[in-house]
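Have a look at upload-v2.cif; it's mmCIF, C-alpha atoms and all ligand atoms:
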data_my_file
loop_
_atom_site.label_atom_id
_atom_site.label_comp_id
_atom_site.auth_asym_id
_atom_site.auth_seq_id
_atom_site.Cartn_x
_atom_site.Cartn_y
_atom_site.Cartn_z
CA MET A 21 -0.18 -32.58 17.74
CA ASN A 22 0.29 -28.87 17.32
CA GLU A 23 -2.89 -27.14 18.51
CA THR A 24 -2.81 -24.35 15.95
CA HIS A 25 -4.86 -24.95 12.83
CA ILE A 26 -3.56 -24.08 9.37
CA VAL A 27 -5.70 -21.24 8.04
CA THR A 28 -4.97 -20.41 4.44
CA ILE A 29 -5.74 -16.95 3.05
CA GLU A 30 -8.42 -18.44 0.82
CA ARG A 31 -10.23 -19.95 3.83
CA HIS A 32 -9.83 -16.69 5.77
CA ILE A 33 -11.27 -14.66 2.88
CA ILE A 34 -14.34 -16.91 2.76
CA GLU A 35 -14.82 -16.52 6.51
CA GLU A 36 -14.45 -12.73 6.13
CA GLU A 37 -17.06 -12.75 3.39
CA ARG A 38 -19.58 -14.30 5.80
CA LYS A 39 -19.22 -11.14 7.95
CA HIS A 40 -20.45 -9.03 5.02
CA PRO A 41 -24.17 -9.75 4.69
CA GLY A 42 -25.17 -9.69 1.09
CA ALA A 43 -21.55 -10.06 -0.07
CA ARG A 44 -21.35 -12.21 -3.12
CA GLY A 45 -18.41 -14.43 -4.04
CA ALA A 46 -17.03 -11.80 -6.44
CA PHE A 47 -15.37 -9.77 -3.72
CA SER A 48 -13.71 -12.83 -2.20
CA ASN A 49 -12.58 -14.02 -5.60
CA ILE A 50 -10.78 -10.72 -6.26
CA LEU A 51 -8.83 -11.11 -3.02
CA SER A 52 -8.00 -14.73 -3.82
CA ASP A 53 -6.92 -13.76 -7.33
CA MET A 54 -4.63 -11.11 -5.82
CA ALA A 55 -3.10 -13.80 -3.56
CA LEU A 56 -2.42 -15.91 -6.66
CA ALA A 57 -0.78 -12.97 -8.44
CA ALA A 58 1.32 -12.35 -5.33
CA LYS A 59 2.63 -15.92 -5.39
CA VAL A 60 3.65 -15.57 -9.05
CA ILE A 61 5.35 -12.20 -8.47
CA SER A 62 7.06 -13.55 -5.35
CA ARG A 63 8.58 -16.39 -7.33
CA GLU A 64 9.91 -13.99 -9.93
CA VAL A 65 11.23 -11.53 -7.32
CA ASN A 66 13.07 -14.35 -5.58
CA MET A 67 14.59 -15.50 -8.87
CA ALA A 68 15.24 -11.99 -10.21
CA GLY A 69 18.97 -12.22 -9.71
CA LEU A 70 19.11 -15.37 -11.83
CA MET A 71 16.94 -14.24 -14.71
CA ASP A 72 17.50 -11.61 -17.29
CA ILE A 73 14.84 -9.64 -15.50
CA LEU A 74 17.02 -7.11 -13.72
CA GLY A 75 18.07 -3.83 -15.10
CA GLN A 76 16.18 -1.20 -16.94
CA ALA A 77 13.18 -2.11 -19.04
CA GLY A 78 14.29 0.69 -21.32
CA HIS A 79 11.29 2.99 -21.00
CA ARG A 80 9.87 5.50 -18.51
CA ASN A 81 6.44 5.29 -16.82
CA VAL A 82 3.80 7.96 -16.33
CA GLN A 83 5.79 9.15 -13.31
CA GLU A 84 8.76 9.75 -15.61
CA GLU A 85 10.65 7.07 -13.66
CA GLU A 86 12.83 4.42 -15.28
CA VAL A 87 10.67 1.30 -15.38
CA GLN A 88 12.40 -1.85 -14.22
CA LYS A 89 11.45 -5.09 -15.94
CA LEU A 90 9.97 -6.45 -12.70
CA ASP A 91 7.57 -3.51 -12.59
CA VAL A 92 6.29 -4.48 -16.01
CA PHE A 93 6.14 -8.16 -15.08
CA ALA A 94 4.17 -7.46 -11.89
CA GLN A 95 1.81 -5.18 -13.80
CA ASP A 96 1.12 -7.89 -16.38
CA VAL A 97 0.67 -10.65 -13.78
CA ILE A 98 -1.93 -8.67 -11.82
CA TYR A 99 -3.78 -7.51 -14.94
CA ARG A 100 -3.96 -11.02 -16.40
CA ALA A 101 -5.06 -12.50 -13.07
CA MET A 102 -7.99 -10.08 -13.01
CA ASP A 103 -9.00 -9.19 -16.57
CA HIS A 104 -11.13 -12.28 -17.38
CA THR A 105 -12.93 -12.99 -14.07
CA GLY A 106 -15.97 -10.80 -14.69
CA HIS A 107 -15.66 -9.20 -11.24
CA LEU A 108 -14.06 -5.88 -12.23
CA CYS A 109 -15.41 -3.05 -14.38
CA CYS A 110 -11.93 -1.55 -14.79
CA MET A 111 -8.55 -1.18 -13.07
CA GLY A 112 -6.09 1.62 -12.30
CA SER A 113 -2.34 1.07 -12.03
CA GLU A 114 0.60 3.25 -11.12
CA GLU A 115 2.28 2.06 -14.30
CA VAL A 116 -0.44 3.17 -16.71
CA GLU A 117 -1.64 6.76 -17.29
CA GLU A 118 -5.20 5.89 -18.23
CA LEU A 119 -7.74 3.47 -16.75
CA LEU A 120 -7.08 -0.17 -17.59
CA PRO A 121 -10.20 -1.49 -19.36
CA ILE A 122 -11.51 -5.03 -19.14
CA PRO A 123 -11.09 -6.54 -22.64
CA GLU A 124 -14.37 -6.50 -24.58
CA LYS A 125 -14.26 -10.31 -24.92
CA PHE A 126 -14.61 -10.63 -21.11
CA PRO A 127 -17.64 -9.66 -18.96
CA ALA A 128 -17.36 -6.60 -16.68
CA GLY A 129 -18.29 -6.64 -13.00
CA ASP A 130 -19.19 -4.38 -10.07
CA TYR A 131 -15.79 -3.78 -8.49
CA VAL A 132 -12.70 -1.67 -9.19
CA LEU A 133 -9.09 -2.62 -8.47
CA LEU A 134 -6.39 0.05 -7.99
CA PHE A 135 -2.82 -1.05 -7.51
CA ASP A 136 0.85 -0.28 -7.35
CA PRO A 137 2.22 -3.44 -8.92
CA LEU A 138 5.73 -3.06 -7.61
CA ASP A 139 6.53 -0.59 -4.86
CA GLY A 140 10.10 0.31 -3.99
CA SER A 141 11.35 -0.35 -7.50
CA SER A 142 14.61 1.52 -6.83
CA ASN A 143 15.45 -1.37 -4.48
CA ILE A 144 14.85 -4.22 -6.95
CA ASP A 145 18.44 -4.72 -8.05
CA VAL A 146 19.92 -4.59 -4.56
CA ASN A 147 17.84 -7.34 -2.95
CA VAL A 148 16.01 -5.00 -0.58
CA SER A 149 12.34 -5.67 0.28
CA ILE A 150 9.79 -4.43 -2.27
CA GLY A 151 6.04 -4.83 -2.45
CA THR A 152 2.64 -4.62 -4.11
CA ILE A 153 -0.20 -2.41 -2.83
CA PHE A 154 -3.90 -2.67 -3.78
CA ALA A 155 -7.34 -1.27 -3.01
CA ILE A 156 -10.82 -2.53 -3.96
CA PHE A 157 -13.90 -0.31 -4.37
CA ARG A 158 -17.44 -0.98 -5.52
CA LYS A 159 -18.32 0.64 -8.87
CA VAL A 160 -20.33 3.87 -8.43
CA SER A 161 -20.71 5.07 -12.02
CA GLY A 162 -23.41 3.90 -14.36
CA ALA A 163 -20.77 2.90 -16.90
CA GLU A 164 -20.85 -0.83 -17.52
CA ARG A 165 -17.10 -0.91 -18.10
CA GLY A 166 -16.16 1.67 -15.49
CA ALA A 167 -15.15 5.31 -15.52
CA LEU A 168 -12.60 7.57 -13.82
CA GLU A 169 -15.10 8.42 -11.05
CA ASP A 170 -15.02 4.75 -10.02
CA CYS A 171 -11.24 5.01 -9.52
CA ILE A 172 -11.03 8.30 -7.62
CA GLN A 173 -13.43 7.66 -4.76
CA PRO A 174 -12.39 8.84 -1.26
CA GLY A 175 -10.41 6.17 0.58
CA ARG A 176 -13.18 5.94 3.18
CA LYS A 177 -15.18 4.05 0.50
CA GLN A 178 -12.66 1.20 0.15
CA LEU A 179 -14.16 -2.29 0.58
CA ALA A 180 -10.74 -3.89 1.03
CA ALA A 181 -7.09 -2.93 0.95
CA GLY A 182 -3.86 -4.84 1.23
CA TYR A 183 -0.23 -5.17 0.41
CA VAL A 184 2.33 -7.85 -0.27
CA VAL A 185 5.87 -7.44 1.03
CA TYR A 186 8.50 -9.49 -0.79
CA GLY A 187 11.10 -9.61 1.98
CA SER A 188 12.95 -12.25 3.97
CA SER A 189 9.61 -13.98 3.62
CA THR A 190 6.68 -13.01 1.44
CA MET A 191 3.71 -11.74 3.42
CA MET A 192 0.27 -10.63 2.35
CA VAL A 193 -1.59 -8.29 4.72
CA TYR A 194 -5.20 -7.22 4.12
CA THR A 195 -8.33 -5.77 5.68
CA THR A 196 -11.98 -5.80 4.65
CA GLY A 197 -12.92 -3.52 7.54
CA ASN A 198 -12.84 -6.25 10.19
CA GLY A 199 -9.31 -5.82 11.44
CA VAL A 200 -5.96 -6.45 9.75
CA HIS A 201 -4.65 -9.94 9.11
CA GLY A 202 -1.21 -11.11 7.91
CA PHE A 203 -0.34 -14.26 5.99
CA THR A 204 3.10 -15.71 5.36
CA LEU A 205 3.79 -17.59 2.13
CA ASP A 206 5.00 -21.16 2.64
CA PRO A 207 6.72 -21.72 -0.72
CA SER A 208 6.96 -25.45 -0.07
CA ILE A 209 3.17 -25.78 -0.33
CA GLY A 210 2.43 -22.55 -2.24
CA GLU A 211 -0.01 -21.30 0.38
CA PHE A 212 -0.34 -18.05 2.33
CA ILE A 213 -0.82 -19.19 5.95
CA LEU A 214 -2.36 -16.99 8.67
CA SER A 215 0.61 -15.91 10.78
CA HIS A 216 -0.45 -12.50 12.13
CA PRO A 217 -4.19 -12.46 13.03
CA ASN A 218 -5.73 -9.14 14.12
CA ILE A 219 -2.64 -6.97 13.83
CA ARG A 220 -2.76 -3.88 16.09
CA ILE A 221 -0.22 -1.06 15.99
CA PRO A 222 1.34 -1.12 19.50
CA GLU A 223 0.59 1.75 21.87
CA PRO A 224 2.89 2.95 23.32
CA PRO A 225 4.68 2.45 20.03
CA ALA A 226 8.33 1.82 19.30
CA ARG A 227 10.00 5.25 19.37
CA SER A 228 11.01 5.06 15.75
CA TYR A 229 10.56 7.48 12.86
CA SER A 230 11.04 6.94 9.16
CA VAL A 231 11.70 9.76 6.67
CA ASN A 232 14.25 10.55 3.96
CA GLU A 233 16.30 13.19 5.78
CA ALA A 234 18.24 14.07 2.63
CA TYR A 235 15.36 16.46 1.86
CA TYR A 236 15.61 18.32 5.22
CA SER A 237 16.66 21.58 3.60
CA ARG A 238 13.56 21.50 1.35
CA TRP A 239 11.07 21.01 4.19
CA SER A 240 8.83 23.67 5.74
CA PRO A 241 10.09 25.11 9.07
CA PRO A 242 7.37 23.20 11.02
CA MET A 243 8.47 19.95 9.36
CA GLN A 244 12.12 20.69 10.19
CA LYS A 245 11.08 21.52 13.78
CA LEU A 246 9.16 18.23 14.04
CA VAL A 247 12.17 16.14 13.02
CA ASP A 248 14.47 18.22 15.25
CA HIS A 249 12.10 17.32 18.11
CA LEU A 250 12.31 13.62 17.23
CA LYS A 251 16.11 13.87 17.13
CA GLY A 252 16.26 15.53 20.54
CA ARG A 253 17.69 18.72 19.11
CA ASP A 254 15.19 21.13 20.68
CA GLY A 255 15.31 19.92 24.27
CA SER A 256 11.52 20.23 24.57
CA PRO A 257 9.65 17.72 26.80
CA GLY A 258 9.47 14.27 25.17
CA SER A 259 12.15 15.27 22.68
CA GLY A 260 14.60 12.66 21.42
CA GLY A 261 14.92 9.00 22.32
CA PHE A 262 13.86 7.91 18.82
CA SER A 263 15.64 5.61 16.39
CA SER A 264 15.55 6.27 12.66
CA ARG A 265 14.70 3.56 10.13
CA TYR A 266 14.27 4.19 6.38
CA VAL A 267 14.31 1.39 3.77
CA GLY A 268 13.12 3.45 0.84
CA SER A 269 10.36 0.97 0.00
CA LEU A 270 7.05 2.29 1.31
CA VAL A 271 5.65 -1.21 1.86
CA ALA A 272 8.68 -2.30 3.91
CA ASP A 273 8.74 0.90 5.98
CA PHE A 274 4.99 0.67 6.54
CA HIS A 275 5.06 -3.04 7.43
CA ARG A 276 7.65 -2.38 10.17
CA THR A 277 5.58 0.58 11.41
CA LEU A 278 2.42 -1.57 11.47
CA LEU A 279 4.02 -4.36 13.51
CA ARG A 280 6.25 -2.31 15.85
CA GLY A 281 4.61 1.11 15.92
CA GLY A 282 6.49 4.21 14.82
CA LEU A 283 5.89 7.15 12.48
CA PHE A 284 6.44 7.05 8.71
CA MET A 285 6.58 10.40 6.95
CA TYR A 286 6.83 11.45 3.34
CA PRO A 287 6.11 15.20 3.48
CA GLY A 288 5.71 17.70 0.71
CA ASP A 289 8.66 20.04 0.20
CA SER A 290 9.75 23.11 -1.75
CA VAL A 291 10.43 20.99 -4.86
CA ASN A 292 7.47 18.59 -4.62
CA PRO A 293 4.75 20.40 -2.59
CA GLU A 294 2.50 17.29 -2.67
CA GLY A 295 5.36 14.90 -1.89
CA LYS A 296 6.10 11.78 -3.95
CA LEU A 297 3.64 9.11 -2.84
CA ARG A 298 0.39 8.56 -4.70
CA LEU A 299 -2.95 8.95 -2.92
CA VAL A 300 -5.09 6.43 -4.77
CA TYR A 301 -2.93 3.29 -4.80
CA GLU A 302 -0.34 3.92 -2.08
CA ALA A 303 -1.60 6.23 0.71
CA ASN A 304 -5.29 5.21 0.69
CA PRO A 305 -4.84 1.42 1.00
CA LEU A 306 -2.20 1.81 3.74
CA ALA A 307 -4.32 4.41 5.54
CA PHE A 308 -7.28 1.99 5.61
CA ILE A 309 -5.00 -0.70 7.07
CA ALA A 310 -3.43 1.72 9.58
CA GLU A 311 -6.86 2.88 10.88
CA GLN A 312 -8.10 -0.73 11.06
CA ALA A 313 -5.03 -1.55 13.17
CA GLY A 314 -5.72 1.34 15.57
CA GLY A 315 -3.33 3.79 13.90
CA ARG A 316 -3.84 6.99 11.91
CA ALA A 317 -2.88 8.49 8.53
CA THR A 318 -3.06 12.16 7.55
CA ASP A 319 -1.62 14.44 4.88
CA GLY A 320 -0.70 16.99 7.52
CA GLU A 321 -4.05 18.76 7.14
CA GLN A 322 -6.74 16.03 7.06
CA GLU A 323 -7.25 12.27 7.30
CA ILE A 324 -5.97 10.56 4.16
CA LEU A 325 -9.20 8.56 3.85
CA ASP A 326 -11.30 11.74 3.70
CA VAL A 327 -9.42 13.30 0.76
CA GLN A 328 -11.45 13.47 -2.48
CA PRO A 329 -8.93 12.48 -5.17
CA GLN A 330 -8.91 14.66 -8.28
CA GLY A 331 -6.88 12.31 -10.45
CA LEU A 332 -5.62 8.74 -10.62
CA HIS A 333 -1.94 9.60 -10.08
CA GLN A 334 -2.39 12.47 -7.63
CA ARG A 335 0.41 12.71 -5.07
CA THR A 336 -0.04 13.41 -1.34
CA PRO A 337 2.09 14.08 1.71
CA LEU A 338 1.76 11.10 4.09
CA PHE A 339 2.12 10.82 7.88
CA ILE A 340 1.12 7.30 8.96
CA GLY A 341 1.63 4.93 11.87
CA ALA A 342 0.99 4.81 15.61
CA ARG A 343 -1.92 7.06 16.52
CA SER A 344 -0.04 8.86 19.34
CA LEU A 345 2.88 9.72 17.05
CA VAL A 346 0.72 10.77 14.08
CA ASP A 347 -1.37 12.92 16.48
CA MET A 348 1.82 14.65 17.65
CA ALA A 349 3.07 15.22 14.08
CA HIS A 350 -0.36 16.42 12.92
CA GLU A 351 -0.63 18.97 15.72
CA GLN A 352 2.77 20.41 14.81
CA LEU A 353 2.04 20.60 11.08
CA LYS A 354 -1.67 21.42 10.77
CA GLY A 355 -2.24 24.80 9.22
CA HIS A 356 1.38 25.15 8.15
CA GLY A 357 1.44 22.79 5.16
CA SER A 358 3.79 19.85 5.54
P1 LIG B 401 7.42 3.07 -6.52
O1 LIG B 401 8.61 2.18 -6.66
O2 LIG B 401 6.12 2.35 -6.58
O3 LIG B 401 7.51 4.26 -7.44
O4 LIG B 401 7.46 3.68 -5.03
C1 LIG B 401 8.63 4.20 -4.56
C2 LIG B 401 8.34 5.10 -3.39
C3 LIG B 401 8.09 4.36 -2.09
O5 LIG B 401 8.19 2.98 -2.20
C4 LIG B 401 9.17 4.89 -1.16
O6 LIG B 401 8.65 5.18 0.11
C5 LIG B 401 9.65 6.15 -1.85
O7 LIG B 401 9.48 5.93 -3.23
C6 LIG B 401 11.08 6.46 -1.57
O8 LIG B 401 11.31 7.72 -2.16
P2 LIG B 401 12.72 8.47 -1.91
O9 LIG B 401 13.74 7.67 -2.66
O10 LIG B 401 12.50 9.85 -2.43
O11 LIG B 401 12.95 8.47 -0.41
MN MN B 402 5.01 2.71 -4.85
MN MN B 403 5.43 1.12 -8.11
#

Conversion result in structure tokens:
Amino acid sequence: MNETHIVTIERHIIEEERKHPGARGAFSNILSDMALAAKVISREVNMAGLMDILGQAGHRNVQEEEVQKLDVFAQDVIYRAMDHTGHLCCMGSEEVEELLPIPEKFPAGDYVLLFDPLDGSSNIDVNVSIGTIFAIFRKVSGAERGALEDCIQPGRKQLAAGYVVYGSSTMMVYTTGNGVHGFTLDPSIGEFILSHPNIRIPEPPARSYSVNEAYYSRWSPPMQKLVDHLKGRDGSPGSGGFSSRYVGSLVADFHRTLLRGGLFMYPGDSVNPEGKLRLVYEANPLAFIAEQAGGRATDGEQEILDVQPQGLHQRTPLFIGARSLVDMAHEQLKGHGS
């Protein structure tokens, strides 16, 4: 008889809840509801090539990006999984400019969900890994049905954060502040099973860096110098000996960095000074996970989790991964603007 016990994500969430004195079931239910939404999205992602779900949805989102049908589907699945449970006061999504209210016919709760329903959407049609990213906060405003201030709290205030990567297998990875835990979906039983307990970013890490080098000419001189160092161009001590990996889906690039170590970078540049990635529902959740796994995440000037967001869709430069590599990058960039 195999000694390992099957631990489903639902059972793990309940056990995590016991570590939070005073936690009520609401918080655990939100995480379980997200796992359910992930299963539904995973099924659609894995069938996407067979359904009329590929191709352009025919409109552009708040980021002025062509919205793929799967983006819209994922948005709807997550919203409908959460809108009636009475646990949330409101939601914020990459796909929607304004806050997403809880319908009046449903009760409002004490938590806030922020999410990127489908990350890496440029990779949907070419069968490359994509993902979902989410963060959960406690409501801080006095507004029964939430307010913007509930959705733009510093990442340090997150109660939980996680992502789903729809890849060769579908995995859900989350933290509630007690380490990082990964679950692999077994489609034959429809359960996320604990496969990666207590994930730690390896130190010393894999000597791997991840950045879109097409933008090299737009980077600041310190950023160019940093990547030259990684490529062994400057002959300085410790220079070179790195491999380069870039999928173009943040969740996939981060997941590899979390498991193997490495350094993921999306810097600002002369065209987009704040970079492309969004602070509230991309950088913050992954930064919480990275720190919980012993890693680090900064914007080149300060820790991601200490930034006070000014808006729901605010962009930020992001340097995230193995602590030793982020430390090195941060030292080279601090004070120069990434
Ligand atoms: P989204 O699909 O949610 O808009 O995110 C796409 C992001 C992120 O997943 C990835 O790291 C980045 O876009 C890639 O951008 P470039 O194509 O500029 O490298
Ligand atoms: Mn994204
Ligand atoms: Mn997205």

Show me which residues line ligand MN 402 (chain B), defined as having an atom within 8 Å of a ligand atom where all atoms listed in the file count, and present them as a PyMOL selection string. chain A and resi 114+136-141+151-153+269-271+297-298+301-302

Nearest residue to ligand MN 403 (chain B) out of A:Asp170, A:Glu115, A:Glu351, A:Glu233, using only C-alpha atoms and all ligand atoms? A:Glu115

Need to verify the contact set: region 123-128 of chain A, 6 Å, all atoms listed in the file, exclusion of same-chain residues closer than 3 positions in sequence. Can you return it as number ranges by chain? A: 104, 106, 108-109, 165

Report, in Å to a single decimal, how far apart CA of Gln322 (chain A) and CA of Leu119 (chain A) are. 26.9 Å

For CA of Asp326 (chain A) and CA of Gly175 (chain A), determine how far apart the two atoms are, in Å to one decimal place. 6.4 Å

In Å, how far is it from CA of Val193 (chain A) to CA of Ile340 (chain A)? 16.4 Å

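Proximity to ligand LIG 401 (chain B) was assessed for A:Val160, A:Ile144, A:Gln352, A:Pro207 counting only C-alpha atoms and all ligand atoms; the smallest distance is recorded for A:Ile144.
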
Distance cut-off 6 Å, centre (-9.6, -18.0, -3.8) in file coordinates, counting all atoms listed in the file: which residues qualify? Return them as a PyMOL selection string. chain A and resi 30+49+52

Quick one: residues within 12 Å of (-6.2, -1.9, 10.5) (file frame), counting all atoms listed in the file, please, as a PyMOL selection string. chain A and resi 180-182+193-202+217-222+275+278-279+305-317+340-343

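Using all atoms listed in the file, the nearest neighbour of ligand LIG 401 (chain B) within the list A:Gly210, A:Pro337, A:Gly261, A:Pro121 is A:Pro337.
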
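With all atoms listed in the file as the atoms that count, the residue of A:Val267, A:Val146, A:Ile213, A:Val327 with the shortest distance to Arg31 (chain A) is A:Ile213.
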
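Closest to ligand LIG 401 (chain B) among A:Leu51, A:Met111, A:Ala58, A:Ala234 is A:Ala234, based on all atoms listed in the file.
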
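Between Gln330 (chain A) and the candidates A:Tyr235, A:Gln173, A:Leu56, A:Leu205, the tightest atom-to-atom separation, counting only C-alpha atoms, involves A:Gln173.
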
Neighbouring residues of Pro293 (chain A) were defined as those with any atom within 10 Å, considering all atoms listed in the file; residues of the same chain fewer than 2 positions away were excluded. Please report them as a ChimeraX atom specification. /A:238-240,287-291,295-296,335-337,357-358
